[in-house]
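> File work-v7.tsv follows (TSV, C-alpha atoms):
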chain	number	residue	atom	x	y	z
A	7	MET	CA	0.00	0.00	0.00
A	8	ILE	CA	1.32	3.43	-0.89
A	9	GLU	CA	1.96	6.01	1.83
A	10	ILE	CA	0.67	9.57	1.40
A	11	GLU	CA	1.96	12.71	3.10
A	12	THR	CA	0.07	15.86	2.18
A	13	THR	CA	1.83	19.15	1.51
A	14	GLU	CA	1.02	22.37	3.34
A	15	SER	CA	-0.66	23.69	0.18
A	16	VAL	CA	-4.24	23.13	-0.96
A	17	ILE	CA	-3.05	20.49	-3.44
A	18	GLY	CA	-0.13	18.09	-3.64
A	19	ALA	CA	1.05	15.03	-1.73
A	20	ARG	CA	4.32	13.15	-1.31
A	21	VAL	CA	4.17	9.46	-2.06
A	22	ARG	CA	6.31	6.98	-0.16
A	23	ASN	CA	6.80	3.27	-0.55
A	24	VAL	CA	6.68	3.37	-4.37
A	25	SER	CA	9.68	2.82	-6.63
A	26	LEU	CA	9.36	4.14	-10.18
A	27	GLY	CA	12.07	1.63	-11.09
A	28	GLN	CA	9.49	-1.14	-10.89
A	29	ILE	CA	6.36	-1.66	-12.96
A	30	PRO	CA	3.43	-1.13	-10.57
A	31	ASP	CA	0.84	-3.85	-10.14
A	32	LEU	CA	-2.85	-3.18	-10.78
A	33	ASP	CA	-3.62	-2.42	-7.13
A	34	THR	CA	-0.83	0.16	-6.96
A	35	VAL	CA	-1.99	1.77	-10.21
A	36	LYS	CA	-5.48	2.06	-8.78
A	37	GLU	CA	-4.14	3.66	-5.58
A	38	ILE	CA	-2.08	6.14	-7.61
A	39	ASP	CA	-5.09	7.03	-9.78
A	40	ILE	CA	-7.25	7.69	-6.71
A	41	ALA	CA	-4.52	9.77	-5.05
A	42	LEU	CA	-3.89	11.71	-8.25
A	43	GLU	CA	-7.53	12.78	-8.52
A	44	ARG	CA	-7.66	13.59	-4.83
A	45	TYR	CA	-4.46	15.63	-4.57
A	46	GLY	CA	-3.84	16.74	-8.16
A	47	VAL	CA	-0.05	16.53	-7.85
A	48	LEU	CA	1.96	13.57	-6.54
A	49	ILE	CA	5.64	13.88	-5.59
A	50	PHE	CA	7.89	10.82	-5.64
A	51	PRO	CA	11.22	11.87	-4.05
A	52	GLU	CA	14.61	10.16	-4.42
A	53	GLN	CA	13.90	8.10	-7.52
A	54	ASP	CA	17.04	6.76	-9.22
A	55	ILE	CA	15.61	5.54	-12.53
A	56	THR	CA	16.65	4.96	-16.13
A	57	PRO	CA	14.70	6.22	-19.16
A	58	ARG	CA	13.43	2.71	-19.83
A	59	GLN	CA	12.19	2.34	-16.25
A	60	MET	CA	10.43	5.70	-16.48
A	61	ILE	CA	8.69	4.65	-19.69
A	62	ASN	CA	7.68	1.28	-18.23
A	63	PHE	CA	6.24	2.88	-15.07
A	64	SER	CA	4.37	5.55	-17.05
A	65	SER	CA	2.98	2.98	-19.50
A	66	ALA	CA	1.40	1.11	-16.60
A	67	LEU	CA	-0.67	4.26	-15.91
A	68	GLY	CA	-1.93	4.60	-19.49
A	69	ASP	CA	-1.02	4.93	-23.16
A	70	LEU	CA	1.77	7.40	-23.81
A	71	GLU	CA	1.70	10.30	-26.25
A	72	LEU	CA	4.80	11.63	-28.03
A	73	THR	CA	5.77	15.28	-28.06
A	74	GLU	CA	5.25	17.02	-31.41
A	75	LEU	CA	8.72	18.56	-30.99
A	76	GLU	CA	10.62	15.68	-32.58
A	77	ALA	CA	14.05	17.21	-31.90
A	78	ALA	CA	13.21	17.24	-28.16
A	79	ARG	CA	12.62	13.48	-27.98
A	80	LEU	CA	15.31	11.57	-26.09
A	81	PRO	CA	17.41	9.56	-28.56
A	82	ASP	CA	16.45	5.85	-28.46
A	83	PHE	CA	13.57	6.67	-26.09
A	84	LYS	CA	11.07	8.64	-28.16
A	85	GLU	CA	8.42	8.53	-25.42
A	86	ILE	CA	10.54	10.89	-23.31
A	87	PHE	CA	10.34	14.64	-23.89
A	88	VAL	CA	13.57	16.41	-22.86
A	89	VAL	CA	12.82	19.68	-21.07
A	90	GLY	CA	15.30	22.34	-19.99
A	91	ASN	CA	18.37	24.08	-21.39
A	92	VAL	CA	20.57	21.05	-22.03
A	93	GLY	CA	20.84	19.37	-25.42
A	94	LYS	CA	19.50	20.49	-28.78
A	95	GLY	CA	17.53	23.52	-27.70
A	96	LEU	CA	15.71	25.45	-25.03
A	97	VAL	CA	12.42	23.75	-24.20
A	98	SER	CA	11.25	25.18	-20.91
A	99	PHE	CA	8.72	27.98	-21.45
A	100	SER	CA	9.98	29.55	-18.24
A	101	PRO	CA	10.10	33.35	-18.38
A	102	ALA	CA	13.49	35.02	-18.58
A	103	ASN	CA	12.96	36.92	-15.31
A	104	GLU	CA	10.47	37.56	-12.52
A	105	GLU	CA	8.91	40.54	-14.29
A	106	GLN	CA	7.71	38.51	-17.27
A	107	GLU	CA	4.55	36.42	-17.62
A	108	LEU	CA	4.41	32.79	-16.58
A	109	GLU	CA	3.17	30.24	-19.10
A	110	TRP	CA	0.25	28.48	-17.41
A	111	HIS	CA	-1.06	25.45	-19.29
A	112	SER	CA	-2.42	21.93	-19.28
A	113	ASP	CA	-0.27	19.59	-21.37
A	114	HIS	CA	-1.39	18.85	-24.94
A	115	ILE	CA	-4.55	20.95	-24.61
A	116	HIS	CA	-3.83	22.06	-28.19
A	117	HIS	CA	-3.55	18.48	-29.51
A	118	GLU	CA	-6.39	16.43	-30.97
A	119	ILE	CA	-5.89	14.06	-28.04
A	120	ALA	CA	-5.14	15.92	-24.81
A	121	ALA	CA	-3.04	14.67	-21.89
A	122	ARG	CA	-4.60	12.97	-18.89
A	123	ALA	CA	-1.47	13.13	-16.77
A	124	SER	CA	2.24	13.95	-17.04
A	125	LEU	CA	5.30	12.64	-15.20
A	126	LEU	CA	8.36	14.91	-14.92
A	127	TYR	CA	11.69	13.59	-13.62
A	128	ALA	CA	14.56	15.85	-12.54
A	129	LYS	CA	18.00	14.86	-13.83
A	130	GLU	CA	19.76	18.17	-13.12
A	131	VAL	CA	18.37	21.27	-11.42
A	132	PRO	CA	19.72	24.78	-10.74
A	133	ASP	CA	20.49	25.85	-7.20
A	134	VAL	CA	18.17	28.83	-7.58
A	135	GLY	CA	14.93	29.06	-9.58
A	136	GLY	CA	13.40	26.62	-12.00
A	137	ASP	CA	10.54	25.70	-9.65
A	138	THR	CA	7.24	24.45	-11.05
A	139	LEU	CA	3.95	25.99	-9.93
A	140	PHE	CA	0.70	24.01	-10.01
A	141	ALA	CA	-2.73	25.65	-9.70
A	142	CYS	CA	-5.93	23.76	-8.92
A	143	MET	CA	-8.73	24.44	-11.39
A	144	TYR	CA	-11.36	22.89	-9.11
A	145	TYR	CA	-10.78	25.67	-6.59
A	146	ALA	CA	-10.60	28.20	-9.42
A	147	TYR	CA	-14.04	27.18	-10.72
A	148	ASP	CA	-15.57	26.98	-7.25
A	149	GLY	CA	-14.22	30.46	-6.51
A	150	LEU	CA	-16.26	32.05	-9.32
A	151	THR	CA	-19.68	33.54	-8.69
A	152	VAL	CA	-22.69	31.52	-9.86
A	153	ALA	CA	-23.16	33.95	-12.76
A	154	GLU	CA	-19.49	33.64	-13.75
A	155	GLN	CA	-19.73	29.85	-13.64
A	156	GLN	CA	-22.77	29.93	-15.91
A	157	THR	CA	-20.92	32.16	-18.39
A	158	CYS	CA	-17.84	29.96	-18.36
A	159	ARG	CA	-19.82	26.77	-18.94
A	160	LYS	CA	-21.04	28.15	-22.26
A	161	LEU	CA	-17.63	29.16	-23.59
A	162	GLU	CA	-15.48	27.26	-26.07
A	163	MET	CA	-11.81	28.16	-26.14
A	164	ILE	CA	-9.46	28.08	-29.12
A	165	HIS	CA	-6.03	26.54	-28.46
A	166	SER	CA	-2.95	26.52	-30.68
A	167	ALA	CA	0.80	26.11	-30.35
A	168	SER	CA	1.05	29.40	-32.25
A	169	GLY	CA	0.31	31.02	-28.89
A	170	LEU	CA	3.36	29.32	-27.41
A	171	ASP	CA	5.52	30.50	-30.30
A	172	HIS	CA	4.31	34.05	-29.73
A	173	TYR	CA	5.16	33.72	-26.03
A	174	LEU	CA	8.71	32.59	-26.86
A	175	GLU	CA	9.15	35.54	-29.18
A	176	LYS	CA	7.87	38.00	-26.57
A	177	GLN	CA	10.16	36.55	-23.91
A	178	LYS	CA	13.13	36.38	-26.31
A	179	LEU	CA	13.58	32.73	-25.33
A	180	GLY	CA	14.51	31.47	-28.77
A	181	ASP	CA	13.02	30.25	-32.00
A	182	SER	CA	10.73	27.25	-31.56
A	183	ASN	CA	10.91	26.56	-35.31
A	184	SER	CA	14.26	24.87	-34.78
A	185	LEU	CA	12.42	22.24	-32.74
A	186	SER	CA	9.03	22.06	-34.43
A	187	GLY	CA	10.27	22.02	-37.99
A	188	ASN	CA	8.40	25.24	-38.84
A	189	ARG	CA	5.10	23.36	-39.16
A	190	LYS	CA	1.78	25.12	-39.47
A	191	HIS	CA	-0.08	24.96	-36.18
A	192	LYS	CA	-3.63	23.63	-36.01
A	193	GLU	CA	-6.35	25.09	-33.82
A	194	VAL	CA	-8.31	22.92	-31.38
A	195	VAL	CA	-11.58	24.01	-29.75
A	196	ARG	CA	-12.43	22.77	-26.25
A	197	PRO	CA	-14.90	23.84	-23.54
A	198	LEU	CA	-13.60	26.16	-20.83
A	199	VAL	CA	-15.27	24.08	-18.11
A	200	ARG	CA	-14.81	20.33	-18.03
A	201	GLU	CA	-15.99	17.58	-15.72
A	202	HIS	CA	-13.60	14.99	-14.38
A	203	PRO	CA	-14.76	11.76	-16.07
A	204	GLU	CA	-14.45	9.72	-12.87
A	205	THR	CA	-15.83	12.12	-10.26
A	206	GLY	CA	-17.85	14.66	-12.23
A	207	ARG	CA	-16.08	17.50	-10.43
A	208	ARG	CA	-15.88	20.67	-12.52
A	209	GLY	CA	-12.77	22.69	-13.24
A	210	LEU	CA	-11.48	25.33	-15.64
A	211	TYR	CA	-9.47	24.16	-18.65
A	212	PHE	CA	-7.33	26.65	-20.54
A	213	GLY	CA	-3.86	28.19	-20.79
A	214	ASN	CA	-2.89	31.83	-20.68
A	215	GLN	CA	-0.61	31.54	-23.75
A	216	VAL	CA	-1.76	28.44	-25.66
A	217	THR	CA	-5.42	29.57	-25.50
A	218	ILE	CA	-5.50	32.12	-28.31
A	219	GLY	CA	-9.21	32.95	-28.50
A	220	ILE	CA	-12.84	32.27	-27.64
A	221	VAL	CA	-15.40	31.10	-30.19
A	222	GLY	CA	-17.62	34.03	-31.20
A	223	TRP	CA	-15.49	36.70	-29.46
A	224	ASP	CA	-13.15	39.22	-31.03
A	225	ASP	CA	-9.44	38.89	-30.22
A	226	ALA	CA	-9.17	41.89	-27.91
A	227	GLU	CA	-12.18	40.87	-25.84
A	228	ALA	CA	-10.99	37.27	-25.61
A	229	GLY	CA	-7.47	38.32	-24.62
A	230	GLU	CA	-8.74	40.51	-21.80
A	231	PHE	CA	-11.04	37.73	-20.54
A	232	ILE	CA	-8.16	35.20	-20.52
A	233	ARG	CA	-5.87	37.60	-18.63
A	234	HIS	CA	-8.57	38.24	-16.01
A	235	LEU	CA	-9.33	34.53	-15.71
A	236	THR	CA	-5.65	33.64	-15.30
A	237	LYS	CA	-5.23	36.15	-12.47
A	238	HIS	CA	-8.15	34.52	-10.64
A	239	ALA	CA	-7.48	30.87	-11.46
A	240	CYS	CA	-3.74	30.85	-10.78
A	241	GLN	CA	-3.69	32.91	-7.60
A	242	GLU	CA	-1.30	31.80	-4.87
A	243	ALA	CA	-4.11	30.45	-2.67
A	244	PHE	CA	-4.83	27.76	-5.27
A	245	GLN	CA	-1.16	26.81	-5.82
A	246	TYR	CA	1.44	24.27	-4.89
A	247	ARG	CA	5.06	25.26	-5.62
A	248	HIS	CA	7.51	22.44	-6.21
A	249	GLN	CA	11.16	23.24	-5.51
A	250	TRP	CA	13.03	20.54	-7.37
A	251	SER	CA	15.79	18.28	-6.11
A	252	ALA	CA	17.63	15.96	-8.46
A	253	GLN	CA	15.83	12.58	-8.70
A	254	ASP	CA	12.43	14.04	-7.82
A	255	ALA	CA	9.59	12.72	-9.97
A	256	VAL	CA	6.28	14.58	-10.06
A	257	LEU	CA	3.03	13.24	-11.53
A	258	TRP	CA	0.15	15.64	-12.13
A	259	ASP	CA	-3.44	15.46	-13.32
A	260	ASN	CA	-3.89	17.61	-16.44
A	261	ARG	CA	-7.64	17.31	-15.98
A	262	ARG	CA	-7.58	19.49	-12.87
A	263	VAL	CA	-4.32	21.47	-12.61
A	264	LEU	CA	-2.47	24.02	-14.68
A	265	HIS	CA	1.29	24.32	-14.29
A	266	ALA	CA	4.00	26.86	-15.08
A	267	GLY	CA	7.78	26.97	-14.86
A	268	THR	CA	9.52	29.78	-12.96
A	269	PRO	CA	12.66	31.65	-14.10
A	270	TYR	CA	16.20	30.36	-13.72
A	271	ASP	CA	19.60	31.37	-15.08
A	272	VAL	CA	19.56	29.55	-18.43
A	273	GLU	CA	22.96	30.97	-19.42
A	274	ASN	CA	24.97	29.78	-16.43
A	275	THR	CA	23.10	26.88	-14.82
A	276	ARG	CA	21.77	23.56	-16.08
A	277	ARG	CA	18.23	22.24	-15.87
A	278	LEU	CA	17.57	18.83	-17.40
A	279	MET	CA	14.20	17.11	-17.02
A	280	HIS	CA	12.58	14.07	-18.62
A	281	ARG	CA	8.81	13.99	-19.18
A	282	THR	CA	6.38	11.31	-20.22
A	283	THR	CA	2.83	12.21	-21.19
A	284	ILE	CA	-0.15	9.94	-20.57
A	285	ARG	CA	-2.91	10.20	-23.14
A	286	GLU	CA	-6.44	11.31	-22.28
A	287	THR	CA	-9.01	8.50	-22.32
A	288	ALA	CA	-12.30	10.41	-22.15
A	289	PRO	CA	-13.89	12.96	-24.51
A	290	ILE	CA	-13.85	16.61	-23.44
A	291	THR	CA	-17.24	18.08	-24.30
A	292	LEU	CA	-19.48	20.96	-23.29
A	293	ILE	CA	-21.42	20.23	-20.12
A	294	ASP	CA	-25.00	19.31	-20.88
A	295	GLU	CA	-27.10	21.29	-18.44
Mind turning the file's structure into structure tokens?


Amino acid sequence: MIEIETTESVIGARVRNVSLGQIPDLDTVKEIDIALERYGVLIFPEQDITPRQMINFSSALGDLELTELEAARLPDFKEIFVVGNVGKGLVSFSPANEEQELEWHSDHIHHEIAARASLLYAKEVPDVGGDTLFACMYYAYDGLTVAEQQTCRKLEMIHSASGLDHYLEKQKLGDSNSLSGNRKHKEVVRPLVREHPETGRRGLYFGNQVTIGIVGWDDAEAGEFIRHLTKHACQEAFQYRHQWSAQDAVLWDNRRVLHAGTPYDVENTRRLMHRTTIRETAPITLIDE
């Protein structure tokens, strides 16, 4: 049986008595799934694992999805997305400094098939900065007025990786074309409010950069709405901040949390992370009132 130790934040829990170096049995997978929905973010400290072990553990939780950034796939282990400032390019989406915007998102929200969960493993981390923030979208939805909830339930958001490219350009973080192959980005439409397929609990579902519009709204109006919504949804009261140590592994539920990387010195320090992405299994549709 896994051991759970909650964090001091409104979400997040540390998991003991689980080795990511071993393929979990069905009972352990079930316990992890229940804990993931309950706490949103699960931290597995002191995990000394190989890429193959990480893939095997992740695959026991569900089918894996590859990153569209082919150059950022780990050689010989295509299921692993290499994140950080080590290797072929900068793939971090962390702002250059504290004054710039964070990039809040749910993984693969702009893909045809979204991500159910993600597992990030720290290989190398800077001494200062490079934390990951997680914000609970259950609390964000519950914190809206009844009228605001009704409005949000009717909205369909437009998502595209073009928004991420624009963010990189604004932050002067590099040219994503070197990783993406200069491909034309598709747009995906999803509801702003979604229900967890196992519990029915409602949460907001968007990103402040990857969400580029709202169906039926003009760009300026949509941009202002998204900025206002981000300020509410990602407030500190709804957050857990993870300060990384090497060999930490963190699993999060993309159905209920947004996450964002914080700044670090990309010129003089190293940050190397491996991520696997677990594919969504349920359709994401407008709530039928």

> Residues of region 64-138 of chain A that approach region 32-56 of chain A to 10 Å or less, counting only C-alpha atoms: could you list each one with the shortest pair of atoms and its distance in Å to one decimal, rows by chain and increasing residue number, as JSON lines?


{"residue": "A:Ala66", "atom": "CA", "partner": "A:Val35", "partner_atom": "CA", "distance": 7.3}
{"residue": "A:Leu67", "atom": "CA", "partner": "A:Val35", "partner_atom": "CA", "distance": 6.4}
{"residue": "A:Gly68", "atom": "CA", "partner": "A:Val35", "partner_atom": "CA", "distance": 9.7}
{"residue": "A:Ala123", "atom": "CA", "partner": "A:Leu42", "partner_atom": "CA", "distance": 9.0}
{"residue": "A:Ser124", "atom": "CA", "partner": "A:Val47", "partner_atom": "CA", "distance": 9.8}
{"residue": "A:Leu125", "atom": "CA", "partner": "A:Leu48", "partner_atom": "CA", "distance": 9.3}
{"residue": "A:Leu126", "atom": "CA", "partner": "A:Ile49", "partner_atom": "CA", "distance": 9.8}
{"residue": "A:Tyr127", "atom": "CA", "partner": "A:Gln53", "partner_atom": "CA", "distance": 8.5}
{"residue": "A:Ala128", "atom": "CA", "partner": "A:Gln53", "partner_atom": "CA", "distance": 9.3}
{"residue": "A:Lys129", "atom": "CA", "partner": "A:Asp54", "partner_atom": "CA", "distance": 9.4}

> Contacts of Ser65 (chain A) at 12 Å or less, counting only C-alpha atoms, minus same-chain residues fewer than 6 places along, as a PyMOL selection string?

chain A and resi 26+28-31+35+58-59+71+85-86+123-125+282-285

> When distances are computed from all atoms listed in the file, which of A:Gly149, A:Ile218, A:Ile119, A:Gly213 shows the smallest separation from Ser166 (chain A)?

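Using all atoms listed in the file, Ser166 (chain A) sits closest to A:Ile218.
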
> His114 (chain A): which residues within 12 Å, counting all atoms listed in the file, same-chain residues fewer than 6 positions away excluded, as a VMD selection string?

chain A and resid 70 to 75 120 to 124 165 to 167 170 193 to 194 196 211 to 213 216 to 217 260 to 261 264 282 to 286

> Quick one: distance from CA of Glu162 (chain A) to CA of Val199 (chain A) in Å, one decimal?

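Taking CA of Glu162 (chain A) as the start and CA of Val199 (chain A) as the end point, the length is 8.6 Å.
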
> State, in Å with one decimal place, the distance from CA of Gly206 (chain A) to CA of Asp294 (chain A).

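CA of Asp294 (chain A) lies at a distance of 12.1 Å from CA of Gly206 (chain A).
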
> Which is closest to Ile17 (chain A) among A:Lys192, A:Thr275, A:Cys142, A:Pro197, if we use only C-alpha atoms?

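Counting only C-alpha atoms, the residue closest to Ile17 (chain A) is A:Cys142.
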
> Have a look at CA of Gly267 (chain A) and CA of Trp223 (chain A) and let me know their distance in Å, one decimal.

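Result for CA of Gly267 (chain A) versus CA of Trp223 (chain A): 29.1 Å, one decimal.
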
> Given only C-alpha atoms as the basis, pick out the residue of A:Asp259, A:Glu227, A:Asp148, A:Asp133 nearest to His111 (chain A).

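Of A:Asp259, A:Glu227, A:Asp148, A:Asp133, the one nearest His111 (chain A), counting only C-alpha atoms, is A:Asp259.
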
> Considering only C-alpha atoms, can you say which of A:Phe231, A:Arg277, A:Ala226, A:Asp271 comes closest to Cys158 (chain A)?

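Closest residue, counting only C-alpha atoms: A:Phe231.
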